[in-house]
Structure formats: C-alpha cells, structure tokens
>>> print(open('my_file_3.csv').read())   # CSV, C-alpha atoms
chain,number,residue,atom,x,y,z
A,1,MET,CA,0.0,0.0,0.0
A,2,SER,CA,1.4,3.4,-0.9
A,3,ASN,CA,2.1,6.1,1.7
A,4,ARG,CA,-0.8,8.2,0.5
A,5,LYS,CA,-3.2,5.3,0.7
A,6,GLN,CA,-1.9,4.5,4.2
A,7,LEU,CA,-2.4,8.2,5.3
A,8,ALA,CA,-5.9,8.2,3.7
A,9,ALA,CA,-6.8,4.9,5.5
A,10,GLY,CA,-5.5,6.3,8.8
A,11,LEU,CA,-7.5,9.4,8.4
A,12,LEU,CA,-10.7,7.5,7.5
A,13,PHE,CA,-10.3,5.1,10.4
A,14,GLY,CA,-9.5,8.0,12.8
A,15,MET,CA,-12.7,9.8,11.7
A,16,ILE,CA,-14.7,6.6,12.2
A,17,PHE,CA,-13.2,6.1,15.6
A,18,GLY,CA,-13.9,9.7,16.6
A,19,PHE,CA,-17.5,9.4,15.4
A,20,LEU,CA,-17.9,6.2,17.5
A,21,LEU,CA,-16.4,8.0,20.5
A,22,HIS,CA,-18.9,10.8,20.1
A,23,LYS,CA,-21.8,8.4,19.6
A,24,GLY,CA,-20.7,6.5,22.7
A,25,GLY,CA,-20.8,9.7,24.7
A,26,VAL,CA,-17.2,9.7,25.7
A,27,THR,CA,-16.4,13.1,24.2
A,28,ARG,CA,-18.5,14.6,26.9
A,29,TYR,CA,-16.7,16.1,29.9
A,30,ASP,CA,-19.2,14.7,32.5
A,31,VAL,CA,-18.9,11.2,31.2
A,32,ILE,CA,-15.1,11.3,31.4
A,33,MET,CA,-15.1,12.8,34.8
A,34,ALA,CA,-17.5,10.1,36.0
A,35,GLN,CA,-15.0,7.5,34.8
A,36,LEU,CA,-12.1,9.2,36.6
A,37,LEU,CA,-14.2,9.3,39.7
A,38,LEU,CA,-15.0,5.6,39.3
A,39,ARG,CA,-18.8,6.3,39.0
A,40,ASP,CA,-19.4,5.4,35.4
A,41,PHE,CA,-17.4,2.9,33.4
A,42,THR,CA,-18.6,3.8,29.9
A,43,VAL,CA,-15.2,5.1,28.9
A,44,LEU,CA,-13.5,1.9,30.0
A,45,LYS,CA,-16.1,-0.3,28.2
A,46,ILE,CA,-15.6,1.6,24.9
A,47,MET,CA,-11.8,1.7,25.1
A,48,MET,CA,-11.6,-2.0,26.1
A,49,SER,CA,-13.9,-2.8,23.1
A,50,ALA,CA,-11.5,-0.9,20.9
A,51,VAL,CA,-8.5,-2.6,22.3
A,52,LEU,CA,-10.1,-6.0,21.8
A,53,VAL,CA,-11.3,-5.3,18.2
A,54,GLY,CA,-7.8,-3.9,17.4
A,55,THR,CA,-6.0,-6.8,19.0
A,56,VAL,CA,-8.0,-9.5,17.2
A,57,GLY,CA,-8.0,-7.5,13.9
A,58,VAL,CA,-4.2,-6.9,13.9
A,59,HIS,CA,-3.5,-10.5,14.7
A,60,LEU,CA,-5.8,-11.7,12.0
A,61,LEU,CA,-4.1,-9.4,9.5
A,62,LYS,CA,-0.7,-10.7,10.7
A,63,ALA,CA,-1.9,-14.4,10.4
A,64,THR,CA,-3.0,-13.7,6.8
A,65,GLY,CA,0.3,-12.0,5.9
A,66,ARG,CA,-1.3,-8.6,5.3
A,67,VAL,CA,0.9,-6.9,7.9
A,68,SER,CA,4.0,-7.6,9.9
A,69,PHE,CA,4.9,-6.5,13.4
A,70,ALA,CA,7.9,-4.3,14.1
A,71,PRO,CA,7.9,-4.0,17.9
A,72,LYS,CA,10.0,-1.2,19.3
A,73,SER,CA,12.2,-1.3,22.4
A,74,GLY,CA,11.3,1.0,25.3
A,75,SER,CA,11.9,1.8,28.9
A,76,TRP,CA,10.0,2.2,32.1
A,77,GLY,CA,11.3,5.8,32.2
A,78,GLN,CA,9.6,6.6,28.9
A,79,ASN,CA,6.4,4.9,29.8
A,80,GLY,CA,6.3,6.3,33.3
A,81,ILE,CA,6.9,9.9,32.3
A,82,GLY,CA,4.6,9.6,29.3
A,83,GLY,CA,1.9,8.1,31.6
A,84,LEU,CA,2.3,10.9,34.1
A,85,VAL,CA,2.1,13.6,31.5
A,86,PHE,CA,-0.9,12.0,29.9
A,87,GLY,CA,-2.6,11.4,33.3
A,88,VAL,CA,-2.1,14.9,34.5
A,89,GLY,CA,-3.5,16.4,31.3
A,90,PHE,CA,-6.4,14.0,31.4
A,91,ALA,CA,-7.2,14.8,35.0
A,92,LEU,CA,-6.9,18.5,34.6
A,93,LEU,CA,-9.0,18.9,31.5
A,94,GLY,CA,-11.0,15.7,31.4
A,95,TYR,CA,-10.0,14.7,27.9
A,96,CYS,CA,-7.4,12.5,26.3
A,97,PRO,CA,-6.2,13.4,22.8
A,98,GLY,CA,-8.8,11.2,21.1
A,99,THR,CA,-11.8,12.4,23.1
A,100,MET,CA,-10.4,15.9,22.8
A,101,ALA,CA,-10.4,15.7,19.0
A,102,GLY,CA,-14.0,14.4,19.1
A,103,ALA,CA,-15.1,17.1,21.5
A,104,LEU,CA,-13.5,19.7,19.4
A,105,ALA,CA,-15.2,18.3,16.3
A,106,HIS,CA,-18.6,18.9,17.9
A,107,GLY,CA,-17.8,22.3,19.1
A,108,ALA,CA,-16.7,22.0,22.8
A,109,LEU,CA,-15.2,25.4,23.7
A,110,ASP,CA,-13.3,24.2,26.7
A,111,VAL,CA,-11.2,22.1,24.2
A,112,LEU,CA,-10.6,25.0,21.9
A,113,LEU,CA,-9.7,27.4,24.7
A,114,ALA,CA,-7.8,25.1,27.1
A,115,GLY,CA,-7.2,21.6,25.6
A,116,LEU,CA,-5.6,22.5,22.3
A,117,PRO,CA,-3.3,25.2,23.7
A,118,GLY,CA,-2.4,22.8,26.6
A,119,MET,CA,-1.5,20.1,24.1
A,120,LEU,CA,0.6,22.4,22.0
A,121,ILE,CA,2.4,23.8,25.1
A,122,GLY,CA,3.0,20.2,26.3
A,123,CYS,CA,4.4,19.2,22.9
A,124,TRP,CA,6.7,22.3,22.9
A,125,LEU,CA,7.8,21.6,26.4
A,126,PHE,CA,8.6,18.0,25.6
A,127,ALA,CA,10.6,19.1,22.6
A,128,VAL,CA,12.6,21.6,24.7
A,129,LEU,CA,13.3,19.2,27.5
A,130,TYR,CA,13.9,16.1,25.4
A,131,PRO,CA,17.6,16.6,24.8
A,132,ARG,CA,18.2,16.9,28.6
A,133,VAL,CA,16.3,13.8,29.6
A,134,ARG,CA,16.7,11.5,26.7
A,135,GLY,CA,19.9,9.8,27.8
A,136,SER,CA,19.3,9.6,31.5
A,137,LEU,CA,15.7,9.6,32.7
A,138,LEU,CA,13.9,8.3,29.7
A,139,LEU,CA,16.1,5.3,29.2
A,140,ARG,CA,15.9,4.0,32.8
A,141,GLY,CA,14.7,0.4,32.9
A,142,GLU,CA,15.1,-0.4,29.2
A,143,PHE,CA,13.4,-3.4,27.8
A,144,SER,CA,13.8,-5.2,24.5
A,145,ARG,CA,11.6,-5.6,21.5
A,146,THR,CA,10.3,-8.9,22.8
A,147,THR,CA,6.6,-9.3,22.5
A,148,LEU,CA,4.4,-10.7,25.4
A,149,PRO,CA,3.8,-14.1,23.6
A,150,GLU,CA,7.6,-14.4,23.1
A,151,LEU,CA,8.3,-13.5,26.7
A,152,LEU,CA,5.7,-16.0,28.0
A,153,GLY,CA,6.7,-18.6,25.4
A,154,ILE,CA,3.1,-19.1,24.2
A,155,ASN,CA,1.3,-18.9,20.9
A,156,GLN,CA,0.0,-15.4,20.1
A,157,TRP,CA,-3.6,-16.7,19.8
A,158,MET,CA,-3.4,-18.0,23.4
A,159,LEU,CA,-2.7,-14.5,24.5
A,160,VAL,CA,-5.4,-13.0,22.3
A,161,SER,CA,-7.9,-15.6,23.5
A,162,GLY,CA,-7.0,-14.9,27.2
A,163,LEU,CA,-7.3,-11.2,26.6
A,164,THR,CA,-10.7,-11.7,25.0
A,165,MET,CA,-11.9,-13.8,27.9
A,166,ALA,CA,-10.7,-11.4,30.4
A,167,VAL,CA,-12.4,-8.4,28.7
A,168,LEU,CA,-15.6,-10.3,28.3
A,169,LEU,CA,-15.6,-11.3,32.0
A,170,LEU,CA,-14.9,-7.7,33.0
A,171,PHE,CA,-17.8,-6.5,30.8
A,172,ILE,CA,-20.1,-9.1,32.5
A,173,TRP,CA,-19.0,-8.0,35.9
A,174,LEU,CA,-19.4,-4.3,35.2
A,175,GLU,CA,-22.9,-5.0,33.8
A,176,LYS,CA,-23.9,-7.1,36.8
A,177,THR,CA,-22.7,-4.5,39.3
A,178,GLY,CA,-24.4,-1.7,37.4
A,179,LEU,CA,-21.2,0.2,36.7
>>> encode(input="my_file_3.csv", output="structure tokens")
Amino acid sequence: MSNRKQLAAGLLFGMIFGFLLHKGGVTRYDVIMAQLLLRDFTVLKIMMSAVLVGTVGVHLLKATGRVSFAPKSGSWGQNGIGGLVFGVGFALLGYCPGTMAGALAHGALDVLLAGLPGMLIGCWLFAVLYPRVRGSLLLRGEFSRTTLPELLGINQWMLVSGLTMAVLLLFIWLEKTGL
C-alpha cells in the first residue's frame, strides 16, 4: 500500500473512531469525569472494546500475511513519564487526545480554549526538555523488542484468547454491578 493510501486509510479510520467515541458519549466532559471518579465505566467499556477489536484485527491481519509486526524497544522511564504527563493532562482537562479531538469536532469550547493550547504547550515543552532527559531519565529500565507471547513462550492466539476472555468477564462483571 502506498504512503498516500496509508495516510488516507489512517484518516478514514480515525474519523470513524472519533465518530464512534462521540456516539458512545465519551467526548462529553461529564462522562469522562464520572469515569475518573469511578462512578461510570462507559469510557472503560468503549476503550476495552476498541483494544479487543484492534488486537483481534491486527493478529488476523498478521496471520494472513497482510501486515508484519515491528515491535519497538522501550523503557520504564519513557512509559512512566509519558503516563504521568498523559494522566495529569487527562485529569486537569477531562479529555485524552482522542476524546479531545472528538469534542473539538462537535464544538466544545473548553477544548478550543484550554485543551488545544495545553496540548501544543505540552508538545513544545517536551521538545525543549527532550535533549536533557533523553539519555538519563527516559532510558531508565530499558526493555527489549520482545513481545508478550515471546516472553511468555506461548502462541499469540493463546494471549489474544486470554485477553478476549478477560475483557468479556470484565464486561459481564461491570454490567452485573451496574457500573
């Protein structure tokens, strides 16, 4: 697939995902805050559905030879700092980048006045600080390109099946408890 087709496909699927986020109600501030306060698990249900569909879809594409995996190495420092930055922004504004784009698309002024500038400032700040932290803090606790099935010594479909069962059981539990 050409680069232009990949970009067009990415844009199309991103728009579909944003539309579904909006239809699911997770581009609304009150729904996101209820999730953060552990009162409403709509956001978790939608995101776990997306993770599950994506996991099964990507592994099916891999099994049919349509895609190949190119895992990247990483570190606990990168993931920890990234998670903290994401979490602080999410808690302060009540949006993640995906829900923020969806909220902006349907005219949420808080996103336009605070979210977008906050994201741009965060990107700029990261770019400024990156040379100082790249070699020390970000690379702490490096890990290899090993995938979870490789690490556990199991077939990828065992992991996908286990994830599917765990998500389905979580959904059933959330529904039974009324969350």
>>> residues_around(input="my_file_3.csv", residues="segment 158-169 of chain A", least_positions_apart="6", cutoff="9 Å", atoms="all atoms listed in the file", output="list of chain:residue names")
A:Lys45, A:Met48, A:Ser49, A:Leu52, A:Thr55, A:Val56, A:His59, A:Leu148, A:Pro149
>>> atom_distance(input="my_file_3.csv", atom1="atom CA of Gly87 of chain A", atom2="atom CA of Gly107 of chain A")
23.5 Å
>>> residues_around(input="my_file_3.csv", residues="Gly94 of chain A", least_positions_apart="5", cutoff="7 Å", atoms="only C-alpha atoms", output="PyMOL selection string")
chain A and resi 29+32-33
>>> closest_atom_pairs(input="my_file_3.csv", of="segment 51-170 of chain A", to="segment 16-22 of chain A", cutoff="12 Å", atoms="only C-alpha atoms", output="JSON lines")
{"residue": "A:Val51", "atom": "CA", "partner": "A:Phe17", "partner_atom": "CA", "distance": 11.9}
{"residue": "A:Val53", "atom": "CA", "partner": "A:Phe17", "partner_atom": "CA", "distance": 11.8}
{"residue": "A:Gly54", "atom": "CA", "partner": "A:Phe17", "partner_atom": "CA", "distance": 11.5}
{"residue": "A:Tyr95", "atom": "CA", "partner": "A:Leu21", "partner_atom": "CA", "distance": 11.9}
{"residue": "A:Cys96", "atom": "CA", "partner": "A:Leu21", "partner_atom": "CA", "distance": 11.6}
{"residue": "A:Pro97", "atom": "CA", "partner": "A:Gly18", "partner_atom": "CA", "distance": 10.6}
{"residue": "A:Gly98", "atom": "CA", "partner": "A:Gly18", "partner_atom": "CA", "distance": 7.0}
{"residue": "A:Thr99", "atom": "CA", "partner": "A:Leu21", "partner_atom": "CA", "distance": 6.9}
{"residue": "A:Met100", "atom": "CA", "partner": "A:Gly18", "partner_atom": "CA", "distance": 9.4}
{"residue": "A:Ala101", "atom": "CA", "partner": "A:Gly18", "partner_atom": "CA", "distance": 7.3}
{"residue": "A:Gly102", "atom": "CA", "partner": "A:Gly18", "partner_atom": "CA", "distance": 5.3}
{"residue": "A:Ala103", "atom": "CA", "partner": "A:His22", "partner_atom": "CA", "distance": 7.5}
{"residue": "A:Leu104", "atom": "CA", "partner": "A:Gly18", "partner_atom": "CA", "distance": 10.4}
{"residue": "A:Ala105", "atom": "CA", "partner": "A:Gly18", "partner_atom": "CA", "distance": 8.7}
{"residue": "A:His106", "atom": "CA", "partner": "A:His22", "partner_atom": "CA", "distance": 8.4}
{"residue": "A:Gly107", "atom": "CA", "partner": "A:His22", "partner_atom": "CA", "distance": 11.6}
{"residue": "A:Ala108", "atom": "CA", "partner": "A:His22", "partner_atom": "CA", "distance": 11.7}
>>> write_last_selection(input="my_file_3.csv", atoms="C-alpha atoms", output="PDB file, keeping the file's coordinate frame")
ATOM      1  CA  VAL A  51      -8.500  -2.600  22.300  1.00  0.00           C
ATOM      2  CA  VAL A  53     -11.300  -5.300  18.200  1.00  0.00           C
ATOM      3  CA  GLY A  54      -7.800  -3.900  17.400  1.00  0.00           C
ATOM      4  CA  TYR A  95     -10.000  14.700  27.900  1.00  0.00           C
ATOM      5  CA  CYS A  96      -7.400  12.500  26.300  1.00  0.00           C
ATOM      6  CA  PRO A  97      -6.200  13.400  22.800  1.00  0.00           C
ATOM      7  CA  GLY A  98      -8.800  11.200  21.100  1.00  0.00           C
ATOM      8  CA  THR A  99     -11.800  12.400  23.100  1.00  0.00           C
ATOM      9  CA  MET A 100     -10.400  15.900  22.800  1.00  0.00           C
ATOM     10  CA  ALA A 101     -10.400  15.700  19.000  1.00  0.00           C
ATOM     11  CA  GLY A 102     -14.000  14.400  19.100  1.00  0.00           C
ATOM     12  CA  ALA A 103     -15.100  17.100  21.500  1.00  0.00           C
ATOM     13  CA  LEU A 104     -13.500  19.700  19.400  1.00  0.00           C
ATOM     14  CA  ALA A 105     -15.200  18.300  16.300  1.00  0.00           C
ATOM     15  CA  HIS A 106     -18.600  18.900  17.900  1.00  0.00           C
ATOM     16  CA  GLY A 107     -17.800  22.300  19.100  1.00  0.00           C
ATOM     17  CA  ALA A 108     -16.700  22.000  22.800  1.00  0.00           C
TER      18      ALA A 108
END
>>> closest_residue(input="my_file_3.csv", among="A:Gln6, A:Ser136, A:Leu44, A:Phe13", to="Val31 of chain A", atoms="all atoms listed in the file")
A:Leu44
